[in-house]
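Student: See coords.cif below, with mmCIF, N, CA and C atoms.
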```cif
data_protein
loop_
_atom_site.label_atom_id
_atom_site.label_comp_id
_atom_site.auth_asym_id
_atom_site.auth_seq_id
_atom_site.Cartn_x
_atom_site.Cartn_y
_atom_site.Cartn_z
N MET A 286 -7.52 -17.29 -5.54
CA MET A 286 -6.50 -16.37 -5.06
C MET A 286 -5.31 -17.21 -4.59
N THR A 287 -4.13 -16.84 -5.10
CA THR A 287 -2.91 -17.57 -4.71
C THR A 287 -1.89 -16.59 -4.13
N LYS A 288 -0.91 -17.13 -3.44
CA LYS A 288 0.17 -16.29 -2.91
C LYS A 288 0.92 -15.59 -4.03
N LYS A 289 1.10 -16.30 -5.14
CA LYS A 289 1.80 -15.71 -6.29
C LYS A 289 1.03 -14.49 -6.82
N GLU A 290 -0.31 -14.62 -6.92
CA GLU A 290 -1.14 -13.49 -7.37
C GLU A 290 -0.97 -12.29 -6.45
N ILE A 291 -1.01 -12.54 -5.15
CA ILE A 291 -0.91 -11.45 -4.17
C ILE A 291 0.46 -10.79 -4.25
N LEU A 292 1.51 -11.58 -4.38
CA LEU A 292 2.86 -11.00 -4.49
C LEU A 292 2.99 -10.17 -5.77
N ASN A 293 2.37 -10.62 -6.85
CA ASN A 293 2.38 -9.83 -8.09
C ASN A 293 1.63 -8.52 -7.90
N LEU A 294 0.48 -8.57 -7.21
CA LEU A 294 -0.27 -7.34 -6.92
C LEU A 294 0.52 -6.41 -6.01
N GLU A 295 1.20 -6.97 -5.03
CA GLU A 295 2.05 -6.16 -4.15
C GLU A 295 3.12 -5.44 -4.98
N ASN A 296 3.74 -6.15 -5.91
CA ASN A 296 4.76 -5.52 -6.75
C ASN A 296 4.17 -4.41 -7.61
N ARG A 297 2.96 -4.62 -8.13
CA ARG A 297 2.28 -3.55 -8.87
C ARG A 297 2.03 -2.35 -7.97
N LEU A 298 1.63 -2.62 -6.73
CA LEU A 298 1.38 -1.55 -5.77
C LEU A 298 2.66 -0.76 -5.48
N TYR A 299 3.77 -1.46 -5.27
CA TYR A 299 5.05 -0.79 -5.00
C TYR A 299 5.43 0.13 -6.16
N GLU A 300 5.29 -0.38 -7.39
CA GLU A 300 5.63 0.43 -8.57
C GLU A 300 4.71 1.65 -8.68
N ALA A 301 3.43 1.45 -8.41
CA ALA A 301 2.48 2.57 -8.47
C ALA A 301 2.83 3.63 -7.43
N ILE A 302 3.22 3.20 -6.24
CA ILE A 302 3.62 4.14 -5.19
C ILE A 302 4.86 4.92 -5.62
N LYS A 303 5.88 4.20 -6.10
CA LYS A 303 7.13 4.85 -6.52
C LYS A 303 6.91 5.84 -7.66
N ASN A 304 5.97 5.51 -8.56
CA ASN A 304 5.74 6.34 -9.74
C ASN A 304 4.59 7.32 -9.57
N SER A 305 4.01 7.38 -8.36
CA SER A 305 2.82 8.22 -8.12
C SER A 305 1.76 7.98 -9.20
N ASP A 306 1.56 6.72 -9.54
CA ASP A 306 0.64 6.33 -10.60
C ASP A 306 -0.78 6.22 -10.03
N VAL A 307 -1.49 7.33 -10.07
CA VAL A 307 -2.83 7.41 -9.48
C VAL A 307 -3.80 6.46 -10.18
N LYS A 308 -3.67 6.29 -11.47
CA LYS A 308 -4.56 5.38 -12.21
C LYS A 308 -4.38 3.94 -11.71
N GLU A 309 -3.15 3.50 -11.55
CA GLU A 309 -2.88 2.14 -11.07
C GLU A 309 -3.32 1.99 -9.61
N LEU A 310 -3.04 2.99 -8.79
CA LEU A 310 -3.48 2.95 -7.39
C LEU A 310 -5.00 2.88 -7.31
N ASP A 311 -5.66 3.63 -8.15
CA ASP A 311 -7.13 3.62 -8.19
C ASP A 311 -7.65 2.21 -8.50
N GLU A 312 -6.96 1.51 -9.37
CA GLU A 312 -7.37 0.16 -9.74
C GLU A 312 -7.11 -0.85 -8.62
N LEU A 313 -6.03 -0.67 -7.88
CA LEU A 313 -5.64 -1.64 -6.85
C LEU A 313 -6.34 -1.45 -5.50
N LEU A 314 -6.81 -0.24 -5.23
CA LEU A 314 -7.43 0.05 -3.94
C LEU A 314 -8.95 -0.02 -4.04
N HIS A 315 -9.56 -0.69 -3.08
CA HIS A 315 -11.02 -0.80 -3.03
C HIS A 315 -11.62 0.57 -2.71
N HIS A 316 -12.80 0.87 -3.27
CA HIS A 316 -13.40 2.19 -3.06
C HIS A 316 -13.76 2.44 -1.59
N ASP A 317 -13.92 1.39 -0.78
CA ASP A 317 -14.22 1.57 0.65
C ASP A 317 -13.00 1.34 1.54
N LEU A 318 -11.80 1.44 0.97
CA LEU A 318 -10.56 1.25 1.72
C LEU A 318 -10.51 2.09 3.00
N LEU A 319 -10.02 1.47 4.06
CA LEU A 319 -9.65 2.19 5.29
C LEU A 319 -8.24 1.76 5.64
N PHE A 320 -7.38 2.74 5.91
CA PHE A 320 -5.98 2.46 6.21
C PHE A 320 -5.52 3.37 7.33
N ILE A 321 -4.83 2.82 8.30
CA ILE A 321 -4.28 3.62 9.39
C ILE A 321 -2.81 3.90 9.06
N ILE A 322 -2.50 5.18 8.88
CA ILE A 322 -1.14 5.60 8.54
C ILE A 322 -0.32 5.73 9.82
N PRO A 323 1.02 5.81 9.70
CA PRO A 323 1.87 5.83 10.89
C PRO A 323 1.56 6.92 11.92
N SER A 324 0.92 8.01 11.51
CA SER A 324 0.57 9.06 12.48
C SER A 324 -0.62 8.65 13.35
N GLY A 325 -1.30 7.55 12.96
CA GLY A 325 -2.48 7.10 13.69
C GLY A 325 -3.78 7.53 13.05
N GLU A 326 -3.71 8.36 12.03
CA GLU A 326 -4.91 8.83 11.34
C GLU A 326 -5.45 7.75 10.41
N THR A 327 -6.76 7.64 10.34
CA THR A 327 -7.39 6.72 9.40
C THR A 327 -7.70 7.48 8.11
N ILE A 328 -7.24 6.91 6.99
CA ILE A 328 -7.48 7.56 5.70
C ILE A 328 -8.33 6.66 4.81
N THR A 329 -8.97 7.28 3.83
CA THR A 329 -9.77 6.60 2.83
C THR A 329 -8.98 6.50 1.53
N LYS A 330 -9.56 5.82 0.57
CA LYS A 330 -8.93 5.73 -0.74
C LYS A 330 -8.72 7.11 -1.36
N GLU A 331 -9.75 7.95 -1.30
CA GLU A 331 -9.63 9.28 -1.91
C GLU A 331 -8.57 10.13 -1.23
N MET A 332 -8.47 10.02 0.08
CA MET A 332 -7.43 10.76 0.81
C MET A 332 -6.04 10.29 0.36
N ASP A 333 -5.88 8.98 0.21
CA ASP A 333 -4.60 8.42 -0.23
C ASP A 333 -4.28 8.88 -1.64
N LEU A 334 -5.24 8.76 -2.55
CA LEU A 334 -5.01 9.18 -3.93
C LEU A 334 -4.69 10.67 -4.03
N ASP A 335 -5.36 11.49 -3.22
CA ASP A 335 -5.09 12.94 -3.22
C ASP A 335 -3.65 13.25 -2.84
N THR A 336 -3.07 12.46 -1.95
CA THR A 336 -1.67 12.67 -1.55
C THR A 336 -0.75 12.56 -2.77
N TYR A 337 -1.06 11.61 -3.65
CA TYR A 337 -0.25 11.44 -4.85
C TYR A 337 -0.63 12.45 -5.93
N ARG A 338 -1.92 12.72 -6.09
CA ARG A 338 -2.37 13.71 -7.08
C ARG A 338 -1.75 15.08 -6.83
N ASN A 339 -1.72 15.46 -5.55
CA ASN A 339 -1.20 16.78 -5.17
C ASN A 339 0.32 16.84 -5.17
N GLY A 340 0.96 15.71 -5.32
CA GLY A 340 2.43 15.68 -5.29
C GLY A 340 3.01 15.84 -3.90
N ASN A 341 2.18 15.68 -2.86
CA ASN A 341 2.68 15.84 -1.49
C ASN A 341 3.64 14.72 -1.09
N LEU A 342 3.43 13.52 -1.59
CA LEU A 342 4.28 12.38 -1.26
C LEU A 342 4.99 11.90 -2.51
N LYS A 343 6.32 11.84 -2.42
CA LYS A 343 7.13 11.33 -3.50
C LYS A 343 8.10 10.31 -2.90
N ILE A 344 8.02 9.09 -3.40
CA ILE A 344 8.88 8.01 -2.91
C ILE A 344 10.02 7.82 -3.91
N HIS A 345 11.25 7.92 -3.40
CA HIS A 345 12.43 7.76 -4.24
C HIS A 345 13.00 6.35 -4.14
N GLU A 346 12.81 5.73 -2.97
CA GLU A 346 13.30 4.38 -2.77
C GLU A 346 12.31 3.63 -1.90
N LEU A 347 12.00 2.41 -2.30
CA LEU A 347 11.04 1.57 -1.59
C LEU A 347 11.60 0.15 -1.60
N ILE A 348 11.97 -0.35 -0.42
CA ILE A 348 12.53 -1.69 -0.34
C ILE A 348 11.66 -2.52 0.61
N PRO A 349 10.82 -3.42 0.02
CA PRO A 349 9.94 -4.24 0.85
C PRO A 349 10.60 -5.55 1.27
N ASN A 350 10.20 -6.04 2.42
CA ASN A 350 10.63 -7.35 2.89
C ASN A 350 9.40 -8.05 3.47
N VAL A 351 8.80 -8.94 2.68
CA VAL A 351 7.60 -9.64 3.11
C VAL A 351 7.94 -10.58 4.25
N GLU A 352 7.12 -10.51 5.31
CA GLU A 352 7.31 -11.39 6.47
C GLU A 352 6.37 -12.59 6.42
N GLU A 353 5.08 -12.31 6.27
CA GLU A 353 4.06 -13.36 6.26
C GLU A 353 3.02 -13.06 5.19
N LEU A 354 2.47 -14.11 4.62
CA LEU A 354 1.37 -13.98 3.67
C LEU A 354 0.45 -15.17 3.88
N LYS A 355 -0.77 -14.90 4.28
CA LYS A 355 -1.77 -15.93 4.55
C LYS A 355 -2.98 -15.71 3.65
N ILE A 356 -3.49 -16.77 3.08
CA ILE A 356 -4.72 -16.73 2.30
C ILE A 356 -5.81 -17.35 3.17
N ILE A 357 -6.86 -16.60 3.43
CA ILE A 357 -7.99 -17.06 4.24
C ILE A 357 -9.25 -16.87 3.40
N ASP A 358 -9.71 -17.96 2.80
CA ASP A 358 -10.87 -17.91 1.90
C ASP A 358 -10.65 -16.87 0.80
N ASP A 359 -11.43 -15.78 0.76
CA ASP A 359 -11.30 -14.78 -0.29
C ASP A 359 -10.51 -13.55 0.18
N LEU A 360 -9.70 -13.73 1.23
CA LEU A 360 -8.94 -12.62 1.80
C LEU A 360 -7.47 -13.03 1.95
N ALA A 361 -6.58 -12.13 1.61
CA ALA A 361 -5.15 -12.34 1.83
C ALA A 361 -4.68 -11.32 2.85
N VAL A 362 -3.87 -11.78 3.79
CA VAL A 362 -3.28 -10.91 4.81
C VAL A 362 -1.78 -10.99 4.64
N ILE A 363 -1.16 -9.83 4.46
CA ILE A 363 0.29 -9.79 4.27
C ILE A 363 0.90 -8.82 5.28
N THR A 364 2.02 -9.24 5.86
CA THR A 364 2.79 -8.35 6.72
C THR A 364 4.18 -8.19 6.09
N LEU A 365 4.71 -6.98 6.22
CA LEU A 365 6.02 -6.71 5.64
C LEU A 365 6.67 -5.53 6.34
N GLN A 366 7.98 -5.50 6.22
CA GLN A 366 8.74 -4.32 6.61
C GLN A 366 9.14 -3.61 5.33
N MET A 367 9.22 -2.29 5.41
CA MET A 367 9.55 -1.52 4.22
C MET A 367 10.45 -0.35 4.59
N ASN A 368 11.55 -0.25 3.88
CA ASN A 368 12.41 0.93 3.99
C ASN A 368 11.98 1.91 2.92
N LEU A 369 11.71 3.14 3.34
CA LEU A 369 11.26 4.18 2.42
C LEU A 369 12.17 5.40 2.50
N LYS A 370 12.43 5.97 1.35
CA LYS A 370 13.10 7.27 1.25
C LYS A 370 12.27 8.11 0.30
N GLY A 371 12.07 9.36 0.66
CA GLY A 371 11.31 10.23 -0.21
C GLY A 371 11.13 11.60 0.38
N THR A 372 10.10 12.30 -0.10
CA THR A 372 9.76 13.61 0.44
C THR A 372 8.26 13.65 0.72
N TYR A 373 7.90 14.31 1.79
CA TYR A 373 6.51 14.57 2.10
C TYR A 373 6.37 16.06 2.32
N ARG A 374 5.56 16.69 1.47
CA ARG A 374 5.41 18.15 1.48
C ARG A 374 6.78 18.83 1.44
N ASP A 375 7.61 18.35 0.53
CA ASP A 375 8.94 18.89 0.24
C ASP A 375 9.95 18.71 1.36
N GLU A 376 9.64 17.90 2.36
CA GLU A 376 10.61 17.58 3.42
C GLU A 376 11.08 16.15 3.25
N SER A 377 12.39 15.96 3.20
CA SER A 377 12.96 14.63 3.02
C SER A 377 12.73 13.77 4.24
N PHE A 378 12.56 12.47 3.98
CA PHE A 378 12.46 11.51 5.07
C PHE A 378 13.08 10.19 4.64
N GLU A 379 13.51 9.45 5.63
CA GLU A 379 14.00 8.09 5.45
C GLU A 379 13.55 7.33 6.68
N ALA A 380 12.83 6.24 6.49
CA ALA A 380 12.26 5.54 7.63
C ALA A 380 12.01 4.08 7.29
N LYS A 381 11.82 3.31 8.36
CA LYS A 381 11.47 1.90 8.24
C LYS A 381 10.10 1.71 8.87
N TYR A 382 9.23 1.00 8.14
CA TYR A 382 7.86 0.79 8.60
C TYR A 382 7.51 -0.69 8.59
N ARG A 383 6.53 -1.04 9.40
CA ARG A 383 5.92 -2.37 9.33
C ARG A 383 4.48 -2.16 8.92
N TYR A 384 4.05 -2.93 7.91
CA TYR A 384 2.71 -2.82 7.38
C TYR A 384 1.97 -4.14 7.50
N ILE A 385 0.66 -4.05 7.64
CA ILE A 385 -0.24 -5.16 7.41
C ILE A 385 -1.24 -4.65 6.38
N ARG A 386 -1.49 -5.51 5.39
CA ARG A 386 -2.40 -5.10 4.32
C ARG A 386 -3.36 -6.27 4.05
N PHE A 387 -4.61 -5.93 3.73
CA PHE A 387 -5.63 -6.92 3.47
C PHE A 387 -6.09 -6.80 2.02
N TRP A 388 -5.93 -7.87 1.27
CA TRP A 388 -6.38 -7.95 -0.11
C TRP A 388 -7.61 -8.85 -0.15
N LYS A 389 -8.68 -8.40 -0.80
CA LYS A 389 -9.92 -9.18 -0.87
C LYS A 389 -10.28 -9.42 -2.33
N ASP A 390 -10.72 -10.65 -2.60
CA ASP A 390 -11.19 -10.99 -3.94
C ASP A 390 -12.61 -10.46 -4.09
N CYS A 391 -12.77 -9.40 -4.87
CA CYS A 391 -14.05 -8.72 -5.06
C CYS A 391 -14.58 -9.02 -6.46
N LEU A 392 -15.78 -8.56 -6.75
CA LEU A 392 -16.38 -8.79 -8.07
C LEU A 392 -15.53 -8.21 -9.20
N ASP A 393 -14.85 -7.09 -8.93
CA ASP A 393 -14.03 -6.43 -9.95
C ASP A 393 -12.53 -6.70 -9.78
N GLY A 394 -12.19 -7.80 -9.12
CA GLY A 394 -10.79 -8.18 -8.97
C GLY A 394 -10.33 -8.12 -7.53
N ILE A 395 -9.08 -8.47 -7.32
CA ILE A 395 -8.50 -8.47 -5.99
C ILE A 395 -8.05 -7.04 -5.66
N LYS A 396 -8.53 -6.53 -4.53
CA LYS A 396 -8.29 -5.13 -4.15
C LYS A 396 -7.79 -5.05 -2.71
N VAL A 397 -7.03 -3.99 -2.42
CA VAL A 397 -6.67 -3.70 -1.03
C VAL A 397 -7.90 -3.09 -0.36
N VAL A 398 -8.34 -3.71 0.75
CA VAL A 398 -9.51 -3.21 1.46
C VAL A 398 -9.16 -2.54 2.79
N GLY A 399 -7.93 -2.78 3.27
CA GLY A 399 -7.56 -2.16 4.53
C GLY A 399 -6.13 -2.48 4.89
N GLY A 400 -5.69 -1.83 5.96
CA GLY A 400 -4.34 -2.08 6.45
C GLY A 400 -3.93 -1.03 7.45
N SER A 401 -2.65 -1.15 7.82
CA SER A 401 -2.10 -0.24 8.81
C SER A 401 -0.58 -0.22 8.66
N GLY A 402 0.04 0.89 9.02
CA GLY A 402 1.48 1.00 9.00
C GLY A 402 1.98 1.71 10.23
N ILE A 403 3.11 1.21 10.77
CA ILE A 403 3.73 1.86 11.92
C ILE A 403 5.22 2.03 11.66
N SER A 404 5.78 3.04 12.26
CA SER A 404 7.22 3.26 12.17
C SER A 404 7.92 2.31 13.15
N ILE A 405 9.02 1.70 12.67
CA ILE A 405 9.79 0.81 13.55
C ILE A 405 11.25 1.22 13.56
#
```
Take the structure in this file and express it as C-alpha cells.
Tutor:
Amino acid sequence: MTKKEILNLENRLYEAIKNSDVKELDELLHHDLLFIIPSGETITKEMDLDTYRNGNLKIHELIPNVEELKIIDDLAVITLQMNLKGTYRDESFEAKYRYIRFWKDCLDGIKVVGGSGISI
C-alpha cells in the first residue's frame, strides 16, 4: 500500500460520490464499514449506498484538500477538508467539512473501513 495508491482510490471515491455511482461505491467500501456522518449518526455501508440509490443525496461540486495521509502497516489514515455543494432530499446545501477516513488492505483489495465527518 502506497500513498499514491490511496490518493488514486480517494479520487475514485470522489468521482463515485459526484456521479452517485453505487457500483463503484460498493467496490470501494468495505461490507462492515462504519462511518459517523456530520449529524453524529453512525451509518453502515448499506445505509450510505441507499442514500445514493434513492437519489436523496446529489453532489454538484466536491473540492477536496488533503491534509495528512499516513500509512500504518496495512491501514491508511487520511484527513482532509472538503467543500461540498449539492442537494439532500431536494434541499440545496453548501458546506465545508473535515473528514478522517480509514483505508485497509483486505483480501479483496484496499477498502474504506471507517471514518467520520464534521462540519467546519
Student: Let me know the residues the PyMOL selection byres ((chain A and resi 394-401) around 5) catches in the file above, as a list in words.
Tutor: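 This file gives the following for the PyMOL selection byres ((chain A and resi 394-401) around 5): Leu313, Leu314, His315, Leu318, Leu319, Phe320, Ile321, Tyr384, Ile385, Arg386, Phe387, Trp388, Lys389, Asp390, Cys391, Leu392, Asp393, Gly402 and Ile403 of chain A.
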Student: Going by DSSP on the backbone, which residues of chain A come out as alpha helix (DSSP H)? List them as JSON, numbers by chain.
Tutor: {"A": [288, 289, 290, 291, 292, 293, 294, 295, 296, 297, 298, 299, 300, 301, 302, 303, 307, 308, 309, 310, 311, 312, 313, 330, 331, 332, 333, 334, 335, 336, 337, 338]}
Student: For atom N of A:Leu342 and atom CA of A:His316, determine how far apart the two atoms are, in Å to one decimal place.
Tutor: 20.3 Å
Student: One decimal, in Å: what's the spacing between atom N of A:Gly340 and atom N of A:Ile405?
Tutor: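 Between these atoms lies a distance of 24.2 Å.
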Student: Between A:Ala380, A:Leu292, A:Arg297, A:Pro349, which has the minimum distance to A:Gln366 (counting all atoms listed in the file)?
Tutor: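 Under the stated criterion, the closest residue is A:Pro349.
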Student: What separation in Å, quoted to one decimal, exists between atom C of A:Ile357 and atom CA of A:Asp306?
Tutor: 28.8 Å
Student: Please enumerate the residues selected by the PyMOL selection byres ((chain A and resi 372) around 8) when evaluated against the supplied file, formatted as a list in words.
Tutor: Gly340, Asn341, Leu342, Lys343, Ile344, His345, Glu346, Leu369, Lys370, Gly371, Tyr373, Arg374, Asp375, Glu376, Ser377, Phe378 and Glu379 of chain A
Student: Which centre and which edge lengths, in Å to one decimal, describe the axis-aligned box that holds all listed atoms of stretch 350-356 of chain A after 4 Å is added on each side, as lines of an AutoDock Vina configuration file?
Tutor:
```
center_x = 2.4
center_y = -11.7
center_z = 4.4
size_x = 24.4
size_y = 19.3
size_z = 12.2
```
Student: For the PyMOL selection byres ((chain A and resi 352) around 5), applied here, can you spell out every residue it catches as a list of chain:residue names?
Tutor: A:Asn350, A:Val351, A:Glu353, A:Leu354, A:Thr364, A:Leu365
Student: Select all residues near (10.0, -2.2, 7.3) (cut-off 5 Å, inclusive, file coordinates), counting all atoms listed in the file, and output them as a PyMOL selection string.
Tutor: chain A and resi 365-368+381-383
Student: Quick one: DSSP strand (DSSP E or B) residues in stretch 286-404 of chain A, as a VMD selection string?
Tutor: chain A and resid 314 to 321 327 to 329 342 to 357 360 to 373 376 to 391 394 to 404
Student: Taking all heavy atoms as the atom set, what does stretch 334-345 of chain A look like once completed, written as an mmCIF file, keeping the file's coordinate frame?
Tutor:
```cif
data_model
loop_
_atom_site.group_PDB
_atom_site.id
_atom_site.type_symbol
_atom_site.label_atom_id
_atom_site.label_comp_id
_atom_site.auth_asym_id
_atom_site.auth_seq_id
_atom_site.Cartn_x
_atom_site.Cartn_y
_atom_site.Cartn_z
ATOM 1 N N LEU A 334 -5.240 8.760 -2.550
ATOM 2 C CA LEU A 334 -5.010 9.180 -3.930
ATOM 3 C C LEU A 334 -4.690 10.670 -4.030
ATOM 4 O O LEU A 334 -3.825 11.071 -4.821
ATOM 5 C CB LEU A 334 -6.213 8.837 -4.809
ATOM 6 C CG LEU A 334 -6.504 7.347 -5.009
ATOM 7 C CD1 LEU A 334 -7.749 7.172 -5.880
ATOM 8 C CD2 LEU A 334 -5.318 6.616 -5.590
ATOM 9 N N ASP A 335 -5.360 11.490 -3.220
ATOM 10 C CA ASP A 335 -5.090 12.940 -3.220
ATOM 11 C C ASP A 335 -3.650 13.250 -2.840
ATOM 12 O O ASP A 335 -3.056 14.203 -3.367
ATOM 13 C CB ASP A 335 -6.047 13.677 -2.292
ATOM 14 C CG ASP A 335 -7.426 13.877 -2.903
ATOM 15 O OD1 ASP A 335 -7.573 13.679 -4.138
ATOM 16 O OD2 ASP A 335 -8.355 14.221 -2.150
ATOM 17 N N THR A 336 -3.070 12.460 -1.950
ATOM 18 C CA THR A 336 -1.670 12.670 -1.550
ATOM 19 C C THR A 336 -0.750 12.560 -2.770
ATOM 20 O O THR A 336 0.193 13.325 -2.904
ATOM 21 C CB THR A 336 -1.275 11.630 -0.487
ATOM 22 O OG1 THR A 336 -2.123 11.798 0.642
ATOM 23 C CG2 THR A 336 0.160 11.804 -0.044
ATOM 24 N N TYR A 337 -1.060 11.610 -3.650
ATOM 25 C CA TYR A 337 -0.250 11.440 -4.850
ATOM 26 C C TYR A 337 -0.630 12.450 -5.930
ATOM 27 O O TYR A 337 0.245 12.995 -6.608
ATOM 28 C CB TYR A 337 -0.389 10.008 -5.390
ATOM 29 C CG TYR A 337 0.217 8.995 -4.454
ATOM 30 C CD1 TYR A 337 -0.572 8.302 -3.555
ATOM 31 C CD2 TYR A 337 1.584 8.757 -4.448
ATOM 32 C CE1 TYR A 337 -0.019 7.376 -2.680
ATOM 33 C CE2 TYR A 337 2.147 7.842 -3.580
ATOM 34 C CZ TYR A 337 1.334 7.160 -2.696
ATOM 35 O OH TYR A 337 1.898 6.263 -1.828
ATOM 36 N N ARG A 338 -1.920 12.720 -6.090
ATOM 37 C CA ARG A 338 -2.370 13.710 -7.080
ATOM 38 C C ARG A 338 -1.750 15.080 -6.830
ATOM 39 O O ARG A 338 -1.363 15.785 -7.749
ATOM 40 C CB ARG A 338 -3.894 13.862 -7.035
ATOM 41 C CG ARG A 338 -4.662 12.821 -7.740
ATOM 42 C CD ARG A 338 -6.161 13.179 -7.765
ATOM 43 N NE ARG A 338 -6.937 12.024 -8.099
ATOM 44 C CZ ARG A 338 -7.769 11.391 -7.272
ATOM 45 N NH1 ARG A 338 -7.970 11.834 -6.051
ATOM 46 N NH2 ARG A 338 -8.416 10.330 -7.672
ATOM 47 N N ASN A 339 -1.720 15.460 -5.550
ATOM 48 C CA ASN A 339 -1.200 16.780 -5.170
ATOM 49 C C ASN A 339 0.320 16.840 -5.170
ATOM 50 O O ASN A 339 0.879 17.919 -4.988
ATOM 51 C CB ASN A 339 -1.719 17.174 -3.788
ATOM 52 C CG ASN A 339 -3.222 17.277 -3.739
ATOM 53 O OD1 ASN A 339 -3.857 17.509 -4.755
ATOM 54 N ND2 ASN A 339 -3.798 17.096 -2.569
ATOM 55 N N GLY A 340 0.960 15.710 -5.320
ATOM 56 C CA GLY A 340 2.430 15.680 -5.290
ATOM 57 C C GLY A 340 3.010 15.840 -3.900
ATOM 58 O O GLY A 340 4.202 16.103 -3.765
ATOM 59 N N ASN A 341 2.180 15.680 -2.860
ATOM 60 C CA ASN A 341 2.680 15.840 -1.490
ATOM 61 C C ASN A 341 3.640 14.720 -1.090
ATOM 62 O O ASN A 341 4.573 14.956 -0.323
ATOM 63 C CB ASN A 341 1.520 15.874 -0.497
ATOM 64 C CG ASN A 341 0.742 17.162 -0.583
ATOM 65 O OD1 ASN A 341 1.265 18.196 -0.990
ATOM 66 N ND2 ASN A 341 -0.525 17.114 -0.208
ATOM 67 N N LEU A 342 3.430 13.520 -1.590
ATOM 68 C CA LEU A 342 4.280 12.380 -1.260
ATOM 69 C C LEU A 342 4.990 11.900 -2.510
ATOM 70 O O LEU A 342 4.348 11.596 -3.518
ATOM 71 C CB LEU A 342 3.434 11.240 -0.667
ATOM 72 C CG LEU A 342 4.194 9.962 -0.305
ATOM 73 C CD1 LEU A 342 5.217 10.234 0.799
ATOM 74 C CD2 LEU A 342 3.229 8.879 0.137
ATOM 75 N N LYS A 343 6.320 11.840 -2.420
ATOM 76 C CA LYS A 343 7.130 11.330 -3.500
ATOM 77 C C LYS A 343 8.100 10.310 -2.900
ATOM 78 O O LYS A 343 8.864 10.640 -2.008
ATOM 79 C CB LYS A 343 7.891 12.454 -4.200
ATOM 80 C CG LYS A 343 6.971 13.428 -4.899
ATOM 81 C CD LYS A 343 7.730 14.557 -5.529
ATOM 82 C CE LYS A 343 6.725 15.549 -6.112
ATOM 83 N NZ LYS A 343 7.278 16.843 -6.343
ATOM 84 N N ILE A 344 8.020 9.090 -3.400
ATOM 85 C CA ILE A 344 8.880 8.010 -2.910
ATOM 86 C C ILE A 344 10.020 7.820 -3.910
ATOM 87 O O ILE A 344 9.792 7.597 -5.098
ATOM 88 C CB ILE A 344 8.082 6.701 -2.741
ATOM 89 C CG1 ILE A 344 6.934 6.894 -1.750
ATOM 90 C CG2 ILE A 344 9.006 5.566 -2.310
ATOM 91 C CD1 ILE A 344 7.338 7.264 -0.347
ATOM 92 N N HIS A 345 11.250 7.920 -3.400
ATOM 93 C CA HIS A 345 12.430 7.760 -4.240
ATOM 94 C C HIS A 345 13.000 6.350 -4.140
ATOM 95 O O HIS A 345 13.627 5.865 -5.079
ATOM 96 C CB HIS A 345 13.488 8.784 -3.876
ATOM 97 C CG HIS A 345 12.971 10.192 -3.868
ATOM 98 N ND1 HIS A 345 12.455 10.808 -4.984
ATOM 99 C CD2 HIS A 345 12.847 11.088 -2.868
ATOM 100 C CE1 HIS A 345 12.051 12.035 -4.673
ATOM 101 N NE2 HIS A 345 12.275 12.230 -3.388
#
```
